[in-house]
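Report on the following structure.
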Amino acid sequence: MFEKIKSMLQKEDHLDKSHEQPSGYKPPIDFKKAIEEHENIKTLLEKSIETGLTPEIKEACNTNNCFLKEWLDNPRGSSLRKTQIFKDLIQVHNEYHESIKDVISLIEMSKKERARDVLNSRLKISLNKVKSYLMQLKLLHEKNYELKQILID
């Protein structure tokens, strides 16, 4: 059993798209959807700097509609909530949404250059951190599942 655990922990980092999830594994959240949703908001805001905000874009950027925020507020018993990565994700996710609000305010005030600056600095940095933390949590959750399966065998 020790050899199985050791080999599992020594595997190549498999955050790439070719990684297959362990058999029977069910993630606590759709990590891919959470990342895509946040990337899409950034793309919408980039377009909005040039074309202006629409009510639909403002609604899409509303924190209350955030798929990830729902899970962070109620992780449904996930052991991930006890990790530092999870706590860091909460903080950086809040920073991301604060940056969104700032970009929207600047667009509404017709301060396109300043909006672009915030989008390409604070928002981009926080988005990259959100994505990184989500991928780390995904890997951690998968490894934890694999370890439990080995211990059961």
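Chains: A, B, ... in order of the structure tokens. Residues: from 1 per chain. Ligands: from 1, in order shown.
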Considering only C-alpha atoms, return as an MDAnalysis selection string whatever protein or nucleic-acid residues lie within 12 Å of Leu123 of chain A, sequence-local ones (same chain, fewer than 6 positions apart) excluded. chainID A and resid 38:39 41:43 45:46 92:104 115:117 129:130
So that I can see what lies close to Glu56 of chain A, please list as an MDAnalysis selection string the residues with an atom at most 12 Å from it, counting only C-alpha atoms and leaving out residues fewer than 5 positions away in the same chain. chainID A and resid 41 44:45 48 61:62 65
Residue subset to file, keeping C-alpha atoms, as a short mmCIF file (atom, residue, chain, number, x, y, z; two decimals), in the first residue's frame:
```cif
data_model
loop_
_atom_site.label_atom_id
_atom_site.label_comp_id
_atom_site.auth_asym_id
_atom_site.auth_seq_id
_atom_site.Cartn_x
_atom_site.Cartn_y
_atom_site.Cartn_z
CA ILE A 41 -16.58 38.19 -17.24
CA LEU A 44 -17.20 41.01 -21.35
CA LEU A 45 -15.62 43.89 -19.46
CA SER A 48 -17.61 46.94 -22.56
CA CYS A 61 -20.90 40.76 -13.54
CA ASN A 62 -23.11 40.86 -10.44
CA ASN A 65 -24.83 35.59 -9.75
#
```
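Among A:Lys32, A:Leu137, A:Lys148, A:Ala60, the residue with the shortest atom-to-atom distance to Asp88 of chain A, counting only C-alpha atoms, is A:Leu137.
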Could you pull out the residues in segment 58-148 of chain A that DSSP calls alpha helix (DSSP H) from the backbone, as a ChimeraX atom specification? /A:58-60,67-73,84-108,112-118,124-148
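Here atom CA of Leu140 of chain A is placed at a distance of 24.2 Å from atom CA of Lys124 of chain A.
Nearest residue to Lys58 of chain A among A:Ile107, A:Leu89, A:Leu151, A:Ala34 is A:Ile107, counting only C-alpha atoms.
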